[in-house]
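Structure record follows, encoded as structure tokens.
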Amino acid sequence: MSARIWIYGDDVNTDVIFPGKYTYTVSDPAEMARHALEDLDPSFAKEVRSGDIIVAGKNFGCGSSREQAAFALKYAGVAVIIAKSFARIFYRNAINAGLPAIEHAGCVDAINPESEVEVDLRKAAINVDGTKFEFPPFPDQVMAILEVGDLVEYVRKTL
Amino acid sequence: MRQTLAEKILSEHAGRAVRAGEFVIASVDVCLVQDGTGPLAVRQLQKIELERVAHPDKTVLFLDHAAPSPRKELSNDHVLLRRFARKTGAVLSEVGDGVCHQIMPEGYLSPGDVHVGADSHTCTGGGLCAFATGMGSTDVAIAMALGKTWFRVPETFRIQVSGKFPDGVYPKDLVLHLIGMIGADGATYKSLEYGGETVDAMNMSSRLTIANMAVEAGAKVGLFPSDEVTREYLQSVGRGDAFRPISPDKDAEYERVIKIDVSKLEPTVSFPHTVDNTKTMTQIRDMDPVKIDQVVIGTCTNGRLEDLQVAAAILKGKKRDRDTRLLVAPASRAVMTAALKDGTLQTLIDSGALILPPGCGPCVGVHQGVLGDGEACLTTQNRNFVGRMGNPQGFIYLGSPATAAATALTGKLTDPREVI
């Protein structure tokens with residue numbers, strides 16, 4: 001079964017990814033996953049499967065610093081987010097959560113809901129329906145964070 | 001050296017001269033977490049058995065977003081933060097002390113500091129010339145335990161401000177205008193550096209308002225120089241010895257220079273549901289009236305004494321519209337006390353306002369003043385996203401304290417110039 005592609009527009013903010021009212025009450029991973037993207041697309045949390053890909057426009061993850069937004073998407077099973085651009089706090093949070101975030105406007109424009117998309121982080125390449133898009137490779141330290149799971153695991157292993 | 005303010009401060013903290021675009025490990029002076037983000041930070045440190053803080057007297061845990069707590073889960077999070085403070089020696093800012101971004105300049109931040117906080121509006125500290133920026137809980141947890149973090153040194157947009165504010169137009173209108181002009185992602189990852197004759201004359205309250213909203217344009221920091229205004233402010237809060245002057249080099253390199261003449265500005269309002277969806281009062285006058293059910297004056301953006309005084313001057317001797325609730329949340333205990341002593345609070349109460357405890361107020365929608373379905377709110381806060389005030393069926397408009405006060409009088413979006 002290939003990954004499902006979830007396509008969203010510009011300025012998807014952290015208030016719709018993980019509403020503030022839950023930030024203060026919900027911390028169980030499965031429960032967090034059930035509220036992911038709730039105020040933007042209620043079907044997402046119901047239908048998302050492990051390995052799915054989010055594709056979005058510019059400024060993905062803008063707004064609140066709440067890291068729960070990145071974790072909720074990770075816990076929901078999202079394997080990678082490809083966007084035209086990311087808000088900087090979300091970008092840091094995604095990497096720290098072990099959720100790869102890739103900026104590539106051309107690739108985003110090439111993807112439709114039926115696309116076959118494969119992402120190779122080590123080779124820094126995305127294959128969309130046979131067309132290859134390259135992105136700047138993640139630095140070694142970032143790859144190490146992604147591979148051990150998240151920043152906390154990484155710090156535990158390197159302290 | 002040709003350095004911007006951001007390059008200057010990060011150079012000091014990296015131990016070498018750094019330029020925009022470089023990655024640096026920098027020492028961190030001051031850290032904050034709040035009751036929404038702090039519990040996750042604490043749990044992350046517990047997970048790796050690193051329950052310590054590098055600088056206990058400059059690490060502050062704030063109970064402000066849900067304070068006093070409206071439900072038991074949040075109360076338990078407060079308990080967790082209090083315990084962590086006792087264990088590590090970190091400072092706890094209790095329920096009712098005020099909102100983090102007001103307490104930080106009042107009591108902890110100094111010009112030239114590097115300050116990270118698990119809250120996107122940590123950039124408020126740039127008003128005091130601190131390299132202050134928001135990050136996630138885990139990032140801040142590691143920074144407060146180790147006393148350092150990594151940064152990419154940001155490129156800088158210089159915002160050159162000239163002219164005198166017309167009556168009814170305030171620094172909030174300036175920053176809304178700027179965000180409307182460059183867009184919600186117009187300055188992603190950049191430093192916004194403010195300067196010019198209007199900035200030189202601007203009080204600290206105004207600088208903090210403008211710095212607070214840097215993140216709404218995507219920026220990493222919003223920096224003001226440290227000058228005589230900074231010195232006077234620090235003296236006024238009893239910390240005169242924290243002052244040192246800092247300014248960018250005359251020949252610093254900027255990615256972009258944006259010039260704004262404030263004498264040409266109008267009162268400006270952000271319409272639902274993005275901050276960059278701005279309209280001037282001239283545009284609003286040509287539209288159908290916008291009915292407002294709730295007005296909020298306060299928050300880390302506009303809850304300072306000067307803000308409450310502006311609102312009180314407009315509301316003095318008058319009553320709010322009977323169908324429009326008026327909620328006022330002073331930003332801190334010090335602000336509340338000053339507004340009590342000078343009569344500002346009495347004026348607001350007489351006009352029909354409800355005074356909320358110092359703190360975040362209704363801004364983030366976890367306590368106090370959640371909107372009903374279809375209701376509209378005009379608030380002095382910094383963000384109007386769908387669901388922000390606790391209900392995705394609500395409509396949030398952002399404006400200055402003067403616009404808020406004028407709107408409370410009429411019950412619809414109102415140009416403050418019509419009532420002053």
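The way I read the labels, and the way they are meant: chains A, B, ... in the order of the structure tokens, residue 1 as the first residue of every chain, and ligand 1 as the first ligand shown, with later ones counted on from there.
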* Asked: Residues of chain B within 6 Å of chain A, using only C-alpha atoms, as a list in words?
  ->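 Close enough to count are Gly36, Ile48, Glu73, Asp119, Ser120, Met135, Gly136, Asp185, Tyr189 and Val366 of chain B.
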Store the residues picked out above, limited to C-alpha atoms, as a PDB file, in the first residue's frame.
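Below is the file that was written, out-v1.pdb:
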ATOM      1  CA  GLY B  36       1.255  25.265  28.383  1.00  0.00           C
ATOM      2  CA  ILE B  48      16.760  11.707  30.352  1.00  0.00           C
ATOM      3  CA  GLU B  73      -5.486  18.577  34.536  1.00  0.00           C
ATOM      4  CA  ASP B 119       6.499  30.550  23.743  1.00  0.00           C
ATOM      5  CA  SER B 120       6.452  32.138  20.318  1.00  0.00           C
ATOM      6  CA  MET B 135      11.376  27.735  20.513  1.00  0.00           C
ATOM      7  CA  GLY B 136       9.646  24.452  21.320  1.00  0.00           C
ATOM      8  CA  ASP B 185       5.793  34.885   6.316  1.00  0.00           C
ATOM      9  CA  TYR B 189      13.836  33.427   9.950  1.00  0.00           C
ATOM     10  CA  VAL B 366      -8.055  28.044  27.787  1.00  0.00           C
TER      11      VAL B 366
END
* To do: For A:Pro113, list every protein, DNA or RNA residue within 10 Å, evaluated using only C-alpha atoms, and leave out those in the same chain fewer than 6 positions away; present the list as a ChimeraX atom specification.
  => /A:4-7,55
* Can you tell me, as a PyMOL selection string, what residues are no more than 7 Å from B:Leu413 when counting only C-alpha atoms, ignoring any on the same chain fewer than 5 positions away? -> chain B and resi 289-292+407
* To do: DSSP on the backbone, then: every residue of stretch 24-130 of chain B marked strand (DSSP E or B), written as a VMD selection string.
  => chain B and resid 24 to 27 30 to 34 59 to 62 91 to 93 98 114 to 117
9 Å contact set for B:Ala66, only C-alpha atoms, chain neighbours under 4 positions out, as a PDB file with N, CA and C atoms, in the first residue's frame:
ATOM      1  N   TYR A  24      -2.964  22.049  26.693  1.00  0.00           N
ATOM      2  CA  TYR A  24      -2.883  22.140  28.143  1.00  0.00           C
ATOM      3  C   TYR A  24      -3.506  20.943  28.843  1.00  0.00           C
TER       4      TYR A  24
ATOM      5  N   ASP B  35       2.932  27.598  31.456  1.00  0.00           N
ATOM      6  CA  ASP B  35       2.167  26.427  31.894  1.00  0.00           C
ATOM      7  C   ASP B  35       1.617  25.580  30.748  1.00  0.00           C
ATOM      8  N   GLY B  36       1.655  26.096  29.518  1.00  0.00           N
ATOM      9  CA  GLY B  36       1.255  25.265  28.383  1.00  0.00           C
ATOM     10  C   GLY B  36       2.413  24.435  27.853  1.00  0.00           C
ATOM     11  N   PRO B  70      -8.520  26.543  35.345  1.00  0.00           N
ATOM     12  CA  PRO B  70      -9.953  26.244  35.225  1.00  0.00           C
ATOM     13  C   PRO B  70     -10.284  24.752  35.327  1.00  0.00           C
ATOM     14  N   ARG B  71      -9.272  23.878  35.356  1.00  0.00           N
ATOM     15  CA  ARG B  71      -9.599  22.448  35.451  1.00  0.00           C
ATOM     16  C   ARG B  71      -8.448  21.649  36.041  1.00  0.00           C
ATOM     17  N   LEU B  74      -4.992  20.940  34.351  1.00  0.00           N
ATOM     18  CA  LEU B  74      -4.102  22.099  34.323  1.00  0.00           C
ATOM     19  C   LEU B  74      -3.547  22.379  35.711  1.00  0.00           C
ATOM     20  N   SER B  75      -4.356  22.171  36.719  1.00  0.00           N
ATOM     21  CA  SER B  75      -3.880  22.348  38.096  1.00  0.00           C
ATOM     22  C   SER B  75      -2.720  21.392  38.359  1.00  0.00           C
ATOM     23  N   VAL B  95       0.513  32.183  39.772  1.00  0.00           N
ATOM     24  CA  VAL B  95      -0.801  32.634  39.300  1.00  0.00           C
ATOM     25  C   VAL B  95      -1.041  34.064  39.804  1.00  0.00           C
ATOM     26  N   GLY B 359      -2.181  38.398  33.681  1.00  0.00           N
ATOM     27  CA  GLY B 359      -1.818  37.152  32.995  1.00  0.00           C
ATOM     28  C   GLY B 359      -2.144  37.270  31.519  1.00  0.00           C
ATOM     29  N   CYS B 360      -2.319  36.120  30.877  1.00  0.00           N
ATOM     30  CA  CYS B 360      -2.538  36.093  29.428  1.00  0.00           C
ATOM     31  C   CYS B 360      -3.939  36.541  29.017  1.00  0.00           C
ATOM     32  N   GLY B 361      -4.879  36.533  29.971  1.00  0.00           N
ATOM     33  CA  GLY B 361      -6.245  36.883  29.598  1.00  0.00           C
ATOM     34  C   GLY B 361      -6.826  35.858  28.640  1.00  0.00           C
ATOM     35  N   VAL B 364      -5.481  32.932  24.510  1.00  0.00           N
ATOM     36  CA  VAL B 364      -5.213  31.603  23.958  1.00  0.00           C
ATOM     37  C   VAL B 364      -6.362  30.620  24.200  1.00  0.00           C
ATOM     38  N   GLY B 365      -7.446  31.101  24.818  1.00  0.00           N
ATOM     39  CA  GLY B 365      -8.673  30.307  24.812  1.00  0.00           C
ATOM     40  C   GLY B 365      -8.725  29.125  25.763  1.00  0.00           C
ATOM     41  N   VAL B 366      -7.937  29.143  26.828  1.00  0.00           N
ATOM     42  CA  VAL B 366      -8.055  28.044  27.787  1.00  0.00           C
ATOM     43  C   VAL B 366      -8.752  28.450  29.082  1.00  0.00           C
ATOM     44  N   HIS B 367      -8.900  29.726  29.298  1.00  0.00           N
ATOM     45  CA  HIS B 367      -9.633  30.198  30.482  1.00  0.00           C
ATOM     46  C   HIS B 367     -10.180  31.579  30.140  1.00  0.00           C
ATOM     47  N   GLN B 368     -11.222  32.001  30.748  1.00  0.00           N
ATOM     48  CA  GLN B 368     -11.695  33.388  30.654  1.00  0.00           C
ATOM     49  C   GLN B 368     -12.068  33.842  29.239  1.00  0.00           C
TER      50      GLN B 368
END
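With only C-alpha atoms as the atoms that count, the minimum distance from B:Gly222 to the choices B:Leu315, B:Leu5, B:Met281, B:Leu61 is reached by B:Leu5.
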* Please, which residues of stretch 23-150 of chain A, numbered as in this document, come out helix (DSSP H, G or I) from DSSP, as a ChimeraX atom specification? -> /A:23,29-34,42-47,68-75,88-96,105-110,140-148
* For B:Thr124: contacts at 10 Å, only C-alpha atoms, fewer than 5 positions along chain excluded, given as a ChimeraX atom specification -> /B:100-102,104-105,129-134,207-215,221-223,300-301
* In Å, how far is it from atom CA of B:Pro171 to atom CA of B:Val296? ->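 Spanning atom CA of B:Pro171 to atom CA of B:Val296 is a straight-line distance of 17.6 Å.
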* Of the candidates A:Cys107, A:Ile53, A:Asp120, A:Gly149, which one gets nearest to A:Ala3 if we count only C-alpha atoms? ->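 Among the listed residues, A:Ile53 lies closest to A:Ala3.
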* Extract, using only C-alpha atoms, all DNA, RNA and protein residues at most 8 Å from B:Ser247, discarding same-chain residues fewer than 6 positions from it, and format them as a list in words. => Leu5, Pro225, Ser226 and Asp227 of chain B
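The gap separating atom CA of B:Thr156 from atom CA of B:Leu128 is 17.4 Å, in Å to one decimal.
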